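Colleague: I have a structure here, written as structure tokens, and I will follow up with some questions on it.
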Amino acid sequence: MGLLVVGSLGLDTVATPFDKVENALGGSATYISLAASYFSGPVYLMGVVGEDFPKKYIDLLENHNIDLGGLQIVEGGKTFRWSGKYHYDLNVRDTLLTELNVFEEFNPMVPEKYKKSKFVCLGNIDPALQIKVLDQMDNPQFVVCDTMNYWIEGKKDDLMSLLPRSNVLIINDSEARLLAKEPNLIKASKVIRDMGPEILIIKKGEHGALLFTEDIIFSAPAYPLEMIYDPTGAGDSFAGGFIGYLHKTQDLGSENMKRAVIYGSAVASFCVEKFSTKGLEELEYLKVQDRYREFLNLSRFDEK
Ligand code: AMP
């Protein structure tokens with residue numbers, strides 16, 4: 001059974017202190033699907049683009065065995081566009097532009113073949129659309145959802161309806177503080193888990209990620225890279241690696257959940273080494289596994 005991924009596909013214009021790229025392939029569903037494609041197949045992708053979405057990007061996704069049966073291409077429509085600028089501290093970014101375009105009228109229709117998917121990853125889009133997708137699913141077993149400040153501030157009610165229907169919420173530290181209205185992340189995790197998801201993952205950029213469940217708090221480091229070229233998509237690649245690994249192993253126990261967090265971190269580390277999706281385009285599962293093993297040494301020490 002396939003892993004269903006829903007989210008944005010878009011054209012990103014990104015500036016970092018080192019370089020700038022215009023109209024590059026981006027979008028939450030794009031990064032999640034590419035990252036998950038290295039773990040298990042098939043990945044079913046749902047989203048919408050306009051006629052201006054380059055054919056080479058469609059080919060790229062298809063070459064990664066991503067099933068595009070759920071991708072709508074709107075005649076005469078304009079693809080989602082996003083632009084961001086990173087500060088010298090790459091953990092800080094300003095959104096310069098969000099043009100929803102074809103997403104404004106998007107009515108997600110889940111293809112029959114996708115409805116029985118047990119694993120669903122709701123990438124960052126309007127939570128009302130994330131709910132529409134869940135409404136059409138035939139009893140999914142494991143739902144991971146992502147969101148961002150744009151929706152926490154603009155669509156809070158829809159988000160609050162979505163959270164009780166999600167098993168995992170993945171957000172970054174500033175989004176967690178905003179959602180919980182609480183500066184301390186440990187306290188915030190309790191507030192957010194009370195909103196519905198039994199598992200919460202808080203990403204902290206180059207400081208790693210925290211996994212919160214009923215029983216455990218697990219702290220994963222980020223891979224220590226000397227050169228981070230473009231952090232765009234790191235969070236989505238993390239989500240794709242995380243759910244891709246769980247879908248592959250079909251084990252939702254706490255220990256495997258920790259491994260999935262490390263696999264997510266490993267894939268994200270490849271993503272940020274190059275601009276746009278380039279770091280994910282020619283990855284190999286063996287390289288991801290090698291990096292996963294390197295994580296073991298990052299925080300292992302003798303008790304004495
Ligand atoms: P990340 O760096 O993981 O937060 O993801 C960045 C990607 O999210 C970019 O490729 C954007 O195209 C996409 N994105 C940014 N804002 C939004 C939004 N409001 N809705 C959907 N996708 C978005």
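Residue numbering restarts at 1 for every chain of the structure tokens, chains are lettered A, B, ... in their displayed order, and ligands are numbered from 1 as they appear.
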Give me, as a PyMOL selection string, the set of residues whose atoms come within 9 Å of any atom of ligand 1, counting only C-alpha atoms and all ligand atoms.
Modeller: chain A and resi 7-13+24-32+80-84+95+97-100+103+123-126+147-151+171-172+230-239+276-277
Colleague: Could the residues in this selection be written to a file with N, CA and C atoms, as a compact mmCIF listing (two decimals), in the first residue's frame?
Modeller:
```txt
# COMPACT_ATOMS: atom_id res chain seq x y z
N GLY A 7 0.37 18.19 -0.25
CA GLY A 7 1.02 19.45 0.13
C GLY A 7 1.24 20.33 -1.07
N SER A 8 2.11 21.31 -0.89
CA SER A 8 2.33 22.26 -1.99
C SER A 8 3.41 21.77 -2.94
N LEU A 9 3.25 22.18 -4.20
CA LEU A 9 4.33 22.07 -5.20
C LEU A 9 4.47 23.49 -5.71
N GLY A 10 5.67 23.98 -5.79
CA GLY A 10 5.76 25.38 -6.15
C GLY A 10 7.07 25.78 -6.77
N LEU A 11 7.14 27.06 -7.06
CA LEU A 11 8.36 27.64 -7.61
C LEU A 11 8.89 28.62 -6.58
N ASP A 12 10.08 28.35 -6.09
CA ASP A 12 10.66 29.13 -4.98
C ASP A 12 11.76 30.08 -5.47
N THR A 13 11.73 31.28 -4.91
CA THR A 13 12.86 32.20 -5.12
C THR A 13 13.49 32.41 -3.75
N ALA A 24 12.93 28.04 -8.54
CA ALA A 24 13.45 26.68 -8.40
C ALA A 24 12.31 25.78 -7.91
N LEU A 25 12.47 24.49 -8.14
CA LEU A 25 11.45 23.54 -7.67
C LEU A 25 11.37 23.58 -6.15
N GLY A 26 10.16 23.71 -5.64
CA GLY A 26 9.96 23.71 -4.19
C GLY A 26 8.58 23.22 -3.83
N GLY A 27 8.20 23.46 -2.61
CA GLY A 27 6.89 23.03 -2.13
C GLY A 27 7.02 21.90 -1.12
N SER A 28 6.11 21.90 -0.15
CA SER A 28 6.21 20.90 0.91
C SER A 28 6.07 19.48 0.37
N ALA A 29 5.09 19.25 -0.51
CA ALA A 29 4.87 17.88 -1.02
C ALA A 29 6.05 17.42 -1.86
N THR A 30 6.67 18.36 -2.55
CA THR A 30 7.82 18.01 -3.39
C THR A 30 8.95 17.45 -2.53
N TYR A 31 9.31 18.21 -1.48
CA TYR A 31 10.41 17.75 -0.62
C TYR A 31 10.05 16.46 0.12
N ILE A 32 8.81 16.39 0.63
CA ILE A 32 8.42 15.18 1.39
C ILE A 32 8.49 13.95 0.49
N PHE A 80 1.78 27.82 -7.46
CA PHE A 80 2.12 28.41 -6.16
C PHE A 80 3.57 28.96 -6.20
N ARG A 81 3.72 30.14 -5.62
CA ARG A 81 5.08 30.73 -5.57
C ARG A 81 5.39 31.20 -4.16
N TRP A 82 6.62 30.96 -3.77
CA TRP A 82 7.06 31.38 -2.43
C TRP A 82 8.47 31.96 -2.55
N SER A 83 8.72 32.99 -1.75
CA SER A 83 10.06 33.55 -1.77
C SER A 83 10.52 33.80 -0.33
N GLY A 84 11.75 33.47 -0.06
CA GLY A 84 12.29 33.65 1.29
C GLY A 84 13.73 34.13 1.25
N THR A 95 9.92 35.46 5.21
CA THR A 95 9.13 35.15 4.01
C THR A 95 8.85 36.46 3.31
N LEU A 97 7.35 36.53 0.12
CA LEU A 97 6.17 36.42 -0.75
C LEU A 97 5.54 35.04 -0.62
N THR A 98 4.23 35.00 -0.51
CA THR A 98 3.50 33.73 -0.61
C THR A 98 2.34 33.99 -1.56
N GLU A 99 2.41 33.40 -2.75
CA GLU A 99 1.31 33.55 -3.74
C GLU A 99 0.65 32.20 -3.87
N LEU A 100 -0.54 32.04 -3.32
CA LEU A 100 -1.19 30.72 -3.32
C LEU A 100 -1.59 30.29 -4.74
N PHE A 103 -3.63 27.14 -5.58
CA PHE A 103 -4.05 26.55 -4.30
C PHE A 103 -5.31 27.21 -3.75
N GLY A 123 1.43 17.45 4.22
CA GLY A 123 2.44 18.51 4.19
C GLY A 123 1.79 19.86 4.40
N ASN A 124 2.65 20.84 4.56
CA ASN A 124 2.21 22.18 4.89
C ASN A 124 1.38 22.81 3.75
N ILE A 125 0.07 22.84 3.96
CA ILE A 125 -0.86 23.62 3.12
C ILE A 125 -1.98 24.08 4.04
N ASP A 126 -2.95 24.76 3.51
CA ASP A 126 -4.12 25.21 4.27
C ASP A 126 -4.72 24.01 5.04
N THR A 147 2.63 21.99 9.68
CA THR A 147 2.00 23.27 9.43
C THR A 147 3.03 24.37 9.64
N MET A 148 2.62 25.62 9.58
CA MET A 148 3.57 26.71 9.77
C MET A 148 2.86 27.94 10.31
N ASN A 149 3.65 28.96 10.67
CA ASN A 149 3.08 30.18 11.28
C ASN A 149 1.98 30.81 10.41
N TYR A 150 2.14 30.74 9.08
CA TYR A 150 1.16 31.30 8.15
C TYR A 150 -0.24 30.77 8.45
N TRP A 151 -0.34 29.46 8.74
CA TRP A 151 -1.65 28.83 9.00
C TRP A 151 -2.02 28.91 10.47
N ILE A 171 6.48 20.45 13.81
CA ILE A 171 6.59 21.90 13.63
C ILE A 171 7.96 22.37 14.14
N ASN A 172 8.32 23.60 13.84
CA ASN A 172 9.59 24.07 14.37
C ASN A 172 9.37 24.79 15.71
N ASP A 230 21.45 25.88 1.63
CA ASP A 230 20.07 26.39 1.55
C ASP A 230 19.18 25.55 2.46
N PRO A 231 18.73 26.14 3.58
CA PRO A 231 17.92 25.35 4.53
C PRO A 231 16.49 25.07 4.05
N THR A 232 16.08 25.65 2.92
CA THR A 232 14.70 25.45 2.45
C THR A 232 14.41 23.96 2.26
N GLY A 233 13.28 23.54 2.81
CA GLY A 233 12.87 22.16 2.62
C GLY A 233 13.43 21.20 3.65
N ALA A 234 14.26 21.71 4.57
CA ALA A 234 14.84 20.81 5.58
C ALA A 234 13.73 20.15 6.40
N GLY A 235 12.75 20.97 6.81
CA GLY A 235 11.68 20.43 7.64
C GLY A 235 10.84 19.42 6.88
N ASP A 236 10.58 19.68 5.61
CA ASP A 236 9.78 18.76 4.81
C ASP A 236 10.57 17.48 4.52
N SER A 237 11.85 17.61 4.26
CA SER A 237 12.67 16.42 4.01
C SER A 237 12.72 15.57 5.28
N PHE A 238 12.78 16.25 6.42
CA PHE A 238 12.76 15.53 7.70
C PHE A 238 11.47 14.71 7.77
N ALA A 239 10.34 15.37 7.49
CA ALA A 239 9.04 14.67 7.58
C ALA A 239 9.00 13.50 6.60
N SER A 276 17.71 24.34 -3.37
CA SER A 276 16.44 23.75 -3.83
C SER A 276 16.43 22.24 -3.54
N THR A 277 15.93 21.45 -4.48
CA THR A 277 15.82 20.00 -4.25
C THR A 277 17.07 19.24 -4.70
```
Colleague: Find the residues near A:Phe106: any atom within 8 Å, counting only C-alpha atoms, skip ones fewer than 3 places away on the same chain, and give them as a list in words.
Modeller: Val48, Val102, Phe103 and Leu129 of chain A
Colleague: With all heavy atoms retained, export the selected residues as a PDB file, in the first residue's frame.
Modeller:
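Full text of selection31.pdb as output:
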```pdb
ATOM      1  N   VAL A  48      -1.504  20.464  -6.556  1.00  0.00           N
ATOM      2  CA  VAL A  48      -1.987  21.169  -7.741  1.00  0.00           C
ATOM      3  C   VAL A  48      -0.902  22.112  -8.254  1.00  0.00           C
ATOM      4  O   VAL A  48      -0.170  22.707  -7.455  1.00  0.00           O
ATOM      5  CB  VAL A  48      -3.296  21.940  -7.411  1.00  0.00           C
ATOM      6  CG1 VAL A  48      -3.073  23.038  -6.385  1.00  0.00           C
ATOM      7  CG2 VAL A  48      -3.928  22.543  -8.662  1.00  0.00           C
ATOM      8  N   VAL A 102      -2.974  28.705  -7.761  1.00  0.00           N
ATOM      9  CA  VAL A 102      -3.918  27.581  -7.977  1.00  0.00           C
ATOM     10  C   VAL A 102      -4.363  26.923  -6.669  1.00  0.00           C
ATOM     11  O   VAL A 102      -5.384  26.228  -6.646  1.00  0.00           O
ATOM     12  CB  VAL A 102      -3.338  26.507  -8.927  1.00  0.00           C
ATOM     13  CG1 VAL A 102      -3.369  26.969 -10.360  1.00  0.00           C
ATOM     14  CG2 VAL A 102      -1.943  26.096  -8.507  1.00  0.00           C
ATOM     15  N   PHE A 103      -3.630  27.139  -5.582  1.00  0.00           N
ATOM     16  CA  PHE A 103      -4.050  26.554  -4.299  1.00  0.00           C
ATOM     17  C   PHE A 103      -5.306  27.211  -3.747  1.00  0.00           C
ATOM     18  O   PHE A 103      -6.015  26.622  -2.940  1.00  0.00           O
ATOM     19  CB  PHE A 103      -2.912  26.610  -3.270  1.00  0.00           C
ATOM     20  CG  PHE A 103      -2.098  25.356  -3.305  1.00  0.00           C
ATOM     21  CD1 PHE A 103      -0.902  25.321  -3.989  1.00  0.00           C
ATOM     22  CD2 PHE A 103      -2.559  24.191  -2.705  1.00  0.00           C
ATOM     23  CE1 PHE A 103      -0.174  24.153  -4.066  1.00  0.00           C
ATOM     24  CE2 PHE A 103      -1.835  23.019  -2.780  1.00  0.00           C
ATOM     25  CZ  PHE A 103      -0.642  23.004  -3.464  1.00  0.00           C
ATOM     26  N   LEU A 129      -7.681  22.222   3.655  1.00  0.00           N
ATOM     27  CA  LEU A 129      -7.423  21.258   2.583  1.00  0.00           C
ATOM     28  C   LEU A 129      -6.919  19.937   3.162  1.00  0.00           C
ATOM     29  O   LEU A 129      -7.277  18.855   2.689  1.00  0.00           O
ATOM     30  CB  LEU A 129      -6.389  21.820   1.597  1.00  0.00           C
ATOM     31  CG  LEU A 129      -6.805  23.061   0.803  1.00  0.00           C
ATOM     32  CD1 LEU A 129      -5.634  23.594  -0.017  1.00  0.00           C
ATOM     33  CD2 LEU A 129      -7.981  22.739  -0.117  1.00  0.00           C
TER      34      LEU A 129
END
```
Colleague: With only C-alpha atoms as the counted atoms, please give the residues lying no more than 6 Å from stretch 137-140 of chain A, apart from itself and same-chain residues fewer than 3 positions off, as a compact mmCIF listing (two decimals) with all heavy atoms, in the first residue's frame.
Modeller:
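Contents of around15.txt, freshly written:
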```
# COMPACT_ATOMS: atom_id res chain seq x y z
N LYS A 115 -7.09 5.85 -1.60
CA LYS A 115 -7.95 6.01 -0.41
C LYS A 115 -7.64 5.02 0.71
O LYS A 115 -7.92 5.27 1.87
CB LYS A 115 -9.42 5.90 -0.80
CG LYS A 115 -9.92 7.13 -1.52
CD LYS A 115 -11.40 7.09 -1.75
CE LYS A 115 -11.83 8.36 -2.47
NZ LYS A 115 -13.19 8.30 -3.01
N LYS A 116 -7.09 3.86 0.34
CA LYS A 116 -6.82 2.84 1.35
C LYS A 116 -5.42 2.97 1.96
O LYS A 116 -5.02 2.14 2.78
CB LYS A 116 -6.99 1.44 0.73
CG LYS A 116 -8.44 1.09 0.44
CD LYS A 116 -8.59 -0.41 0.27
CE LYS A 116 -9.99 -0.89 -0.02
NZ LYS A 116 -11.08 -0.11 0.51
N LYS A 118 -2.55 3.53 4.31
CA LYS A 118 -2.57 3.52 5.79
C LYS A 118 -1.69 4.64 6.35
O LYS A 118 -1.88 5.08 7.48
CB LYS A 118 -2.10 2.16 6.32
CG LYS A 118 -3.09 1.03 6.02
CD LYS A 118 -4.37 1.22 6.81
CE LYS A 118 -5.48 0.29 6.39
NZ LYS A 118 -6.82 0.87 6.46
N LEU A 134 -8.30 14.12 4.49
CA LEU A 134 -8.58 13.08 5.51
C LEU A 134 -10.02 12.60 5.42
O LEU A 134 -10.29 11.41 5.61
CB LEU A 134 -8.32 13.65 6.91
CG LEU A 134 -6.90 13.62 7.43
CD1 LEU A 134 -6.88 13.97 8.91
CD2 LEU A 134 -6.24 12.25 7.21
```
Colleague: When DSSP is applied to the backbone of this structure, which of stretch 64-296 of chain A are assigned helix (DSSP H, G or I)? Write them out as number ranges by chain.
Modeller: A: 101-105, 112-114, 127-136, 149-154, 156-165, 173-180, 185-194, 205-207, 234-249, 254-271, 278-281, 285-296
Colleague: I'd like the contact shell of A:Ile228 - 8 Å cut-off, only C-alpha atoms, skipping same-chain residues fewer than 6 positions apart - returned as a list of chain:residue names.
Modeller: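 Near neighbours after the sequence-gap exclusion: A:Val272, A:Glu273, A:Lys274.
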Colleague: With only C-alpha atoms as the counted atoms, please give the residues lying no more than 10 Å from A:Leu34, apart from itself and same-chain residues fewer than 4 positions off, as a compact mmCIF listing (two decimals) with C-alpha atoms, in the first residue's frame.
Modeller:
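Wrote result25.txt, looks like this:
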```txt
# COMPACT_ATOMS: atom_id res chain seq x y z
CA ALA A 29 4.87 17.88 -1.02
CA THR A 30 7.82 18.01 -3.39
CA TYR A 38 14.39 6.67 -0.92
CA PHE A 39 12.69 4.48 1.68
CA VAL A 43 4.71 7.38 -2.89
CA LEU A 60 12.03 14.57 -12.07
CA LEU A 61 9.28 13.47 -9.68
CA GLU A 62 8.25 10.56 -11.92
CA HIS A 64 11.80 9.00 -8.42
CA ASN A 65 8.88 6.57 -8.73
CA ILE A 66 6.46 9.14 -7.36
CA ASP A 236 9.78 18.76 4.81
CA SER A 237 12.67 16.42 4.01
CA GLY A 240 9.53 12.64 4.37
CA GLY A 241 12.43 10.64 5.82
CA GLY A 244 9.18 7.02 4.75
CA VAL A 267 17.81 13.04 4.86
CA THR A 277 15.82 20.00 -4.25
CA LEU A 280 17.66 15.14 -2.71
CA GLU A 281 17.71 14.47 -6.42
CA GLU A 282 20.62 12.08 -6.61
CA LEU A 283 20.66 10.61 -3.17
```
Colleague: Can you list, as a ChimeraX atom specification, every protein, DNA or RNA residue that comes within 10 Å of A:Phe218 when you count only C-alpha atoms, leaving out same-chain residues fewer than 2 positions away?
Modeller: /A:201,209-213,215-216,220-221,254-255,257-258,261
Colleague: Residues of the last selection are to be written out with N, CA and C atoms, as a PDB file, in the first residue's frame.
Modeller:
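Output below, filename out.pdb:
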```
ATOM      1  N   ILE A 201       6.730  16.417  17.249  1.00  0.00           N
ATOM      2  CA  ILE A 201       8.154  16.592  16.946  1.00  0.00           C
ATOM      3  C   ILE A 201       8.407  18.074  16.758  1.00  0.00           C
ATOM      4  N   ALA A 209      16.293  18.008  16.790  1.00  0.00           N
ATOM      5  CA  ALA A 209      14.832  17.856  16.904  1.00  0.00           C
ATOM      6  C   ALA A 209      14.492  17.149  18.215  1.00  0.00           C
ATOM      7  N   LEU A 210      13.311  17.447  18.725  1.00  0.00           N
ATOM      8  CA  LEU A 210      12.826  16.810  19.955  1.00  0.00           C
ATOM      9  C   LEU A 210      11.576  16.010  19.631  1.00  0.00           C
ATOM     10  N   LEU A 211      11.546  14.783  20.143  1.00  0.00           N
ATOM     11  CA  LEU A 211      10.372  13.918  19.961  1.00  0.00           C
ATOM     12  C   LEU A 211       9.679  13.777  21.311  1.00  0.00           C
ATOM     13  N   PHE A 212       8.397  14.068  21.337  1.00  0.00           N
ATOM     14  CA  PHE A 212       7.619  13.945  22.575  1.00  0.00           C
ATOM     15  C   PHE A 212       6.504  12.926  22.365  1.00  0.00           C
ATOM     16  N   THR A 213       6.448  11.912  23.237  1.00  0.00           N
ATOM     17  CA  THR A 213       5.290  11.011  23.233  1.00  0.00           C
ATOM     18  C   THR A 213       4.775  11.000  24.673  1.00  0.00           C
ATOM     19  N   ASP A 215       5.279   8.753  26.791  1.00  0.00           N
ATOM     20  CA  ASP A 215       6.260   8.183  27.717  1.00  0.00           C
ATOM     21  C   ASP A 215       7.650   8.778  27.608  1.00  0.00           C
ATOM     22  N   ILE A 216       8.009   9.320  26.466  1.00  0.00           N
ATOM     23  CA  ILE A 216       9.419   9.700  26.291  1.00  0.00           C
ATOM     24  C   ILE A 216       9.604  11.126  25.742  1.00  0.00           C
ATOM     25  N   ALA A 220      17.298  14.513  19.401  1.00  0.00           N
ATOM     26  CA  ALA A 220      18.178  14.095  18.298  1.00  0.00           C
ATOM     27  C   ALA A 220      19.040  15.286  17.886  1.00  0.00           C
ATOM     28  N   PRO A 221      20.334  15.049  17.720  1.00  0.00           N
ATOM     29  CA  PRO A 221      21.179  16.162  17.257  1.00  0.00           C
ATOM     30  C   PRO A 221      20.947  16.406  15.769  1.00  0.00           C
ATOM     31  N   SER A 254       8.024   2.948  20.138  1.00  0.00           N
ATOM     32  CA  SER A 254       8.839   4.105  20.532  1.00  0.00           C
ATOM     33  C   SER A 254      10.274   4.043  19.999  1.00  0.00           C
ATOM     34  N   GLU A 255      10.904   2.849  20.077  1.00  0.00           N
ATOM     35  CA  GLU A 255      12.310   2.751  19.649  1.00  0.00           C
ATOM     36  C   GLU A 255      12.427   3.016  18.155  1.00  0.00           C
ATOM     37  N   MET A 257      10.367   4.776  16.421  1.00  0.00           N
ATOM     38  CA  MET A 257      10.029   6.189  16.223  1.00  0.00           C
ATOM     39  C   MET A 257      11.315   7.033  16.354  1.00  0.00           C
ATOM     40  N   LYS A 258      12.163   6.656  17.337  1.00  0.00           N
ATOM     41  CA  LYS A 258      13.438   7.371  17.509  1.00  0.00           C
ATOM     42  C   LYS A 258      14.313   7.191  16.269  1.00  0.00           C
ATOM     43  N   VAL A 261      13.207   9.394  13.547  1.00  0.00           N
ATOM     44  CA  VAL A 261      13.634  10.793  13.737  1.00  0.00           C
ATOM     45  C   VAL A 261      15.070  10.959  13.221  1.00  0.00           C
TER      46      VAL A 261
END
```
Colleague: May I ask for the distance between atom CA of A:His87 and atom CA of A:Asp173, given in Å to one decimal place?
Modeller: 17.2 Å
Colleague: Using Å and a single decimal, report how far atom CA of A:Glu105 sits from atom CA of A:Ile152.
Modeller: 20.3 Å
Colleague: Distance atom CA of A:Tyr223-atom CA of A:Arg259, one decimal place?
Modeller: 14.3 Å
Colleague: Tell me, as a list in words, which residues lie within 12 Å of A:Pro111, counting only C-alpha atoms; anything in the same chain fewer than 4 positions away does not count.
Modeller: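 Non-adjacent residues within range: Leu4, Tyr44, Leu45, Met46, Gly47, Asp67, Leu68, Gly69, Gly70, Leu71, Gln72, Lys115, Lys116, Ser117, Val133, Gln136, Met137 and Asp138 of chain A.
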Colleague: Could you give me the residues within stretch 82-301 of chain A that DSSP places in strand (DSSP E), as a ChimeraX atom specification?
Modeller: /A:82-86,93-99,119-122,142-146,168-172,199-203,209-212,217-220
